[in-house]
Each structure stands twice: as C-alpha cells, then as structure tokens.
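Below is entry_13.pdb, holding PDB, C-alpha atoms.
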ATOM      1  CA  MET A 306      -9.463 -24.497  17.982
ATOM      2  CA  PRO A 307      -9.429 -21.574  15.536
ATOM      3  CA  GLY A 308      -9.163 -22.170  11.811
ATOM      4  CA  TYR A 309      -6.429 -20.873   9.556
ATOM      5  CA  LYS A 310      -8.342 -17.654   8.777
ATOM      6  CA  ILE A 311      -8.491 -16.766  12.487
ATOM      7  CA  HIS A 312      -4.776 -17.513  12.844
ATOM      8  CA  LEU A 313      -3.972 -15.303   9.838
ATOM      9  CA  ALA A 314      -6.148 -12.512  11.282
ATOM     10  CA  GLY A 315      -4.347 -12.869  14.609
ATOM     11  CA  GLY A 316      -1.048 -12.587  12.753
ATOM     12  CA  VAL A 317      -2.191  -9.424  10.994
ATOM     13  CA  ALA A 318      -3.186  -7.976  14.382
ATOM     14  CA  ILE A 319       0.252  -8.827  15.820
ATOM     15  CA  VAL A 320       2.116  -7.263  12.907
ATOM     16  CA  ALA A 321      -0.086  -4.158  13.108
ATOM     17  CA  LEU A 322       0.812  -3.812  16.783
ATOM     18  CA  ILE A 323       4.505  -4.316  16.053
ATOM     19  CA  PHE A 324       4.457  -1.722  13.271
ATOM     20  CA  LYS A 325       2.419   0.754  15.329
ATOM     21  CA  TYR A 326       4.313   0.441  18.622
ATOM     22  CA  ASP A 327       7.846   0.024  17.331
ATOM     23  CA  PRO A 328       9.849   1.062  20.410
ATOM     24  CA  THR A 329      13.227   0.899  18.675
ATOM     25  CA  HIS A 330      12.033   2.724  15.529
ATOM     26  CA  TRP A 331      13.965   0.332  13.274
ATOM     27  CA  LEU A 332      10.812  -0.340  11.243
ATOM     28  CA  THR A 333      10.462   3.323  10.323
ATOM     29  CA  ASN A 334      13.611   3.007   8.212
ATOM     30  CA  THR A 335      12.491  -0.090   6.309
ATOM     31  CA  THR A 336      11.142  -0.127   2.785
ATOM     32  CA  LEU A 337       7.697  -1.278   1.785
ATOM     33  CA  SER A 338       9.100  -4.489   0.295
ATOM     34  CA  GLN A 339      10.899  -5.259   3.572
ATOM     35  CA  LYS A 340       7.680  -4.714   5.506
ATOM     36  CA  ALA A 341       5.884  -7.013   3.055
ATOM     37  CA  PHE A 342       8.559  -9.672   3.639
ATOM     38  CA  TYR A 343       8.116  -9.349   7.412
ATOM     39  CA  LEU A 344       4.356  -9.671   7.011
ATOM     40  CA  LEU A 345       4.784 -12.795   4.868
ATOM     41  CA  ALA A 346       7.190 -14.300   7.413
ATOM     42  CA  LEU A 347       4.750 -13.589  10.229
ATOM     43  CA  LEU A 348       1.786 -15.039   8.333
ATOM     44  CA  LEU A 349       3.759 -18.184   7.515
ATOM     45  CA  GLY A 350       4.654 -18.379  11.190
ATOM     46  CA  THR A 351       0.976 -18.289  12.124
ATOM     47  CA  LEU A 352       0.413 -21.351   9.941
ATOM     48  CA  PHE A 353       3.555 -23.247  10.985
ATOM     49  CA  PRO A 354       2.271 -24.987  14.151
ATOM     50  CA  ASP A 355      -0.466 -26.723  12.151
ATOM     51  CA  ILE A 356       1.816 -28.213   9.498
ATOM     52  CA  ASP A 357       1.442 -31.533  11.305
ATOM     53  CA  ILE A 358      -2.175 -32.034  10.153
ATOM     54  CA  LYS A 359      -3.919 -31.926   6.805
ATOM     55  CA  SER A 360      -5.134 -28.348   6.795
ATOM     56  CA  GLN A 361      -5.291 -25.268   4.618
ATOM     57  CA  GLY A 362      -2.329 -23.930   6.597
ATOM     58  CA  GLN A 363      -0.282 -27.004   5.711
ATOM     59  CA  LYS A 364      -1.155 -26.612   2.031
ATOM     60  CA  ILE A 365      -0.126 -22.946   1.970
ATOM     61  CA  PHE A 366       3.053 -23.604   3.945
ATOM     62  CA  SER A 367       3.987 -26.521   1.651
ATOM     63  CA  LYS A 368       3.478 -24.436  -1.499
ATOM     64  CA  VAL A 369       5.694 -21.634  -0.185
ATOM     65  CA  LEU A 370       8.303 -24.184   0.904
ATOM     66  CA  PHE A 371       8.233 -25.728  -2.580
ATOM     67  CA  ILE A 372       8.847 -22.306  -4.147
ATOM     68  CA  PHE A 373      11.857 -21.780  -1.843
ATOM     69  CA  PHE A 374      13.114 -25.261  -2.786
ATOM     70  CA  ILE A 375      12.905 -24.504  -6.516
ATOM     71  CA  ILE A 376      14.673 -21.153  -6.065
ATOM     72  CA  ALA A 377      17.395 -22.834  -3.984
ATOM     73  CA  CYS A 378      17.869 -25.455  -6.714
ATOM     74  CA  PHE A 379      18.258 -22.830  -9.425
ATOM     75  CA  LYS A 380      20.698 -20.843  -7.315
ATOM     76  CA  ARG A 381      22.541 -24.030  -6.291
ATOM     77  CA  GLU A 382      22.232 -23.179  -2.601
ATOM     78  CA  PHE A 383      22.773 -26.709  -1.327
ATOM     79  CA  ASN A 384      22.443 -25.871   2.364
ATOM     80  CA  LEU A 385      19.080 -24.223   1.713
ATOM     81  CA  ILE A 386      17.997 -27.248  -0.335
ATOM     82  CA  VAL A 387      18.748 -29.524   2.621
ATOM     83  CA  VAL A 388      16.911 -27.269   5.083
ATOM     84  CA  THR A 389      13.799 -27.043   2.889
ATOM     85  CA  ALA A 390      13.836 -30.816   2.330
ATOM     86  CA  ILE A 391      13.986 -31.426   6.086
ATOM     87  CA  LEU A 392      11.146 -28.965   6.655
ATOM     88  CA  ALA A 393       9.098 -30.739   3.970
ATOM     89  CA  LEU A 394       9.527 -34.091   5.759
ATOM     90  CA  PHE A 395       8.931 -32.647   9.224
ATOM     91  CA  PRO A 396       5.100 -32.988   9.193
ATOM     92  CA  LEU A 397       5.439 -36.733   8.634
ATOM     93  CA  LEU A 398       7.505 -37.141  11.788
ATOM     94  CA  VAL A 399       5.407 -35.331  14.400
ATOM     95  CA  LYS A 400       1.935 -35.690  15.899
ATOM     96  CA  HIS A 401      -0.647 -32.906  16.084
ATOM     97  CA  ARG A 402      -0.250 -30.463  18.943
ATOM     98  CA  GLY A 403       3.068 -32.061  19.700
ATOM     99  CA  ILE A 404       6.413 -30.391  19.215
ATOM    100  CA  THR A 405       5.138 -27.680  16.836
ATOM    101  CA  HIS A 406       2.827 -26.395  19.585
ATOM    102  CA  ASN A 407       5.611 -26.240  22.164
ATOM    103  CA  PRO A 408       6.866 -22.700  22.886
ATOM    104  CA  TRP A 409      10.313 -23.998  23.855
ATOM    105  CA  PHE A 410      10.631 -25.687  20.474
ATOM    106  CA  LEU A 411       9.756 -22.396  18.784
ATOM    107  CA  ILE A 412      12.405 -20.561  20.789
ATOM    108  CA  THR A 413      14.927 -23.265  19.844
ATOM    109  CA  LEU A 414      13.847 -22.954  16.212
ATOM    110  CA  LEU A 415      14.481 -19.194  16.339
ATOM    111  CA  VAL A 416      17.971 -19.768  17.732
ATOM    112  CA  ALA A 417      18.620 -22.407  15.058
ATOM    113  CA  LEU A 418      17.431 -20.076  12.279
ATOM    114  CA  CYS A 419      19.692 -17.293  13.547
ATOM    115  CA  TYR A 420      22.608 -19.734  13.845
ATOM    116  CA  PHE A 421      22.004 -20.986  10.300
ATOM    117  CA  ALA A 422      21.912 -17.413   9.001
ATOM    118  CA  ASN A 423      25.152 -16.656  10.859
ATOM    119  CA  MET A 424      26.785 -19.873   9.617
ATOM    120  CA  GLN A 425      25.876 -18.993   6.032
ATOM    121  CA  HIS A 426      27.308 -15.489   6.501
ATOM    122  CA  LEU A 427      23.826 -14.042   6.201
ATOM    123  CA  TYR A 428      24.294 -12.028   9.388
ATOM    124  CA  SER A 429      25.076  -9.034   7.201
ATOM    125  CA  LYS A 430      21.522  -9.310   5.880
ATOM    126  CA  PRO A 431      19.356  -8.276   8.818
ATOM    127  CA  LEU A 432      16.285  -8.795   6.645
ATOM    128  CA  LEU A 433      16.577 -12.560   7.129
ATOM    129  CA  LEU A 434      17.209 -12.318  10.861
ATOM    130  CA  HIS A 435      14.276  -9.957  11.337
ATOM    131  CA  GLY A 436      12.198 -12.278   9.154
ATOM    132  CA  ALA A 437      13.041 -15.148  11.529
ATOM    133  CA  PHE A 438      11.833 -13.095  14.492
ATOM    134  CA  PHE A 439       8.592 -12.228  12.683
ATOM    135  CA  PHE A 440       8.109 -15.901  11.777
ATOM    136  CA  ILE A 441       8.421 -16.920  15.432
ATOM    137  CA  ALA A 442       6.154 -14.038  16.516
ATOM    138  CA  GLY A 443       3.517 -15.416  14.148
ATOM    139  CA  ALA A 444       3.954 -18.919  15.549
ATOM    140  CA  PHE A 445       3.533 -17.578  19.092
ATOM    141  CA  SER A 446       0.348 -15.771  18.042
ATOM    142  CA  HIS A 447      -0.933 -19.155  16.816
ATOM    143  CA  LEU A 448      -0.188 -20.729  20.197
ATOM    144  CA  ILE A 449      -1.823 -17.855  22.062
ATOM    145  CA  LEU A 450      -4.976 -18.284  19.978
ATOM    146  CA  ASP A 451      -4.948 -22.052  20.564
ATOM    147  CA  PHE A 452      -4.127 -22.131  24.281
ATOM    148  CA  GLY A 453      -4.436 -18.627  25.681
ATOM    149  CA  LEU A 454      -1.651 -16.444  27.031
ATOM    150  CA  LEU A 455      -1.623 -17.787  30.595
ATOM    151  CA  GLN A 456      -1.567 -21.447  29.602
ATOM    152  CA  LEU A 457       1.149 -21.086  26.978
ATOM    153  CA  PHE A 458       4.107 -22.169  29.118
ATOM    154  CA  THR A 459       2.206 -23.924  31.906
ATOM    155  CA  ARG A 460       0.006 -26.423  30.044
ATOM    156  CA  LYS A 461       0.269 -30.087  30.950
ATOM    157  CA  LYS A 462       1.296 -32.709  28.411
TER     158      LYS A 462
END
Since I need it in another form, could you write the structure as structure tokens?
Amino acid sequence: MPGYKIHLAGGVAIVALIFKYDPTHWLTNTTLSQKAFYLLALLLGTLFPDIDIKSQGQKIFSKVLFIFFIIACFKREFNLIVVTAILALFPLLVKHRGITHNPWFLITLLVALCYFANMQHLYSKPLLLHGAFFFIAGAFSHLILDFGLLQLFTRKK
C-alpha cells in the first residue's frame, strides 16, 4: 500500500504522460495557469480514494475543501456550499478501501461532476469539465498503484 508521496508521484507521472502524448492537441492551446489547475485537480484526485482514513492525503484534501467552502460562502454559491459540505462529511460515512476504491464509483462521480457543472451552466467553462476528468484520472492512478492495472475491475470484494 503506497503512501501519499508515491500516489502524488504517480499522479505527476500520469499528468506528464497526458501533457506529452496529447492526441487531440487541446492542451497545446491552454495557458500555464490552466495547466496548473489541471495538475492540482489530478493531484487531489490521487489523494481522494484515501479520504476515508486518517492520512496525510485526507489532511491535504480537507484543507483544500475548506478553502473551496470559504470561497463559496463569500461568493454566496449555495449549491457549491452544499456539495463541499457533503464531501466534508463523506469520509465519516464510508469504510477504508470501500466505495472510494471502486472504479465504478469513480466513473459515476465523474458523470455526477459533469452533470453538476452542466446544471450550474458551467458547461461553457471547459476548464471545470477538464478539471473533473483530471481529478478522476488522478483517482484511477491511485487505484492502479494500490491494486495493479489487471486487478482494477476484477478484484473480489
């Protein structure tokens, strides 16, 4: 079971591969700040599956979530406040290596994030949608490091 530093390094390797082998060339037209946002989303994704245990990853994820909560409060974005509050309570409701280590849950989470962005009329901001994809790519890199590529979808409960 790799520690958070290994998961972050795996995330950096994934983002380097994505940036290097960008088949659609959409990353070549992004700014440095957009690339930094994608990197942050991916690194947070690498820590996400371990939010269900007391770990350095949980501490980092909670601090970033708190910052988003404060910003949402100042901007009076009530839907974002509710989402961040639910995410803050989520670790209390799940067991380790349970739902957060399930690839189907991560795929469902990606669909839910895209739906939320569409519902909030954020679909015109592809930065957030791309950020959601990078977040899930980071979470999948975490699962690959924990279980291996072949066992990802076939592991027994």
Min atom-atom distance to Gly350 in chain A from the set A:Gly443, A:Gly308, A:Pro396, A:Gly453, counting only C-alpha atoms, belongs to A:Gly443
Please report, as AutoDock Vina command-line options, the centre and edge lengths in Å to one decimal of an axis-aligned box covering all listed atoms of range 400-417 of chain A with 6 Å per side.
--center_x 9.0 --center_y -27.4 --center_z 19.5 --size_x 31.3 --size_y 28.5 --size_z 20.8
**Prompt:** Care to translate the PyMOL selection byres ((chain A and resi 355-368) around 9) into actual residues of this file, as a PyMOL selection string?
**Reply:** chain A and resi 308-310+349+351-354+369-373+393+395-403+405-406+447
CA of Leu385 in chain A and CA of Gly315 in chain A, how far apart in Å?
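The value is 29.1 Å.
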* For Ile319 in chain A, which residue out of A:Phe379, A:Phe374, A:Phe452, A:Tyr343 is the nearest one, using all atoms listed in the file? ->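 Nearest to Ile319 in chain A: A:Tyr343.
Distances here use all atoms listed in the file; by that measure, the residue among A:Leu322, A:Ala417, A:Leu347, A:Ile375 closest to Ala444 in chain A is A:Leu347.
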Practice problem: Can you give me, as a ChimeraX atom specification, the residues this file yields under the PyMOL selection byres ((chain A and resi 340) around 12)? | Solution: /A:320-321,323-324,331-339,341-347,432-433,435-436,439
re CA of His312 in chain A and CA of Leu450 in chain A: distance 7.2 Å
Taken to one decimal, the CA of Leu394 in chain A-CA of Pro431 in chain A distance is 27.8 Å
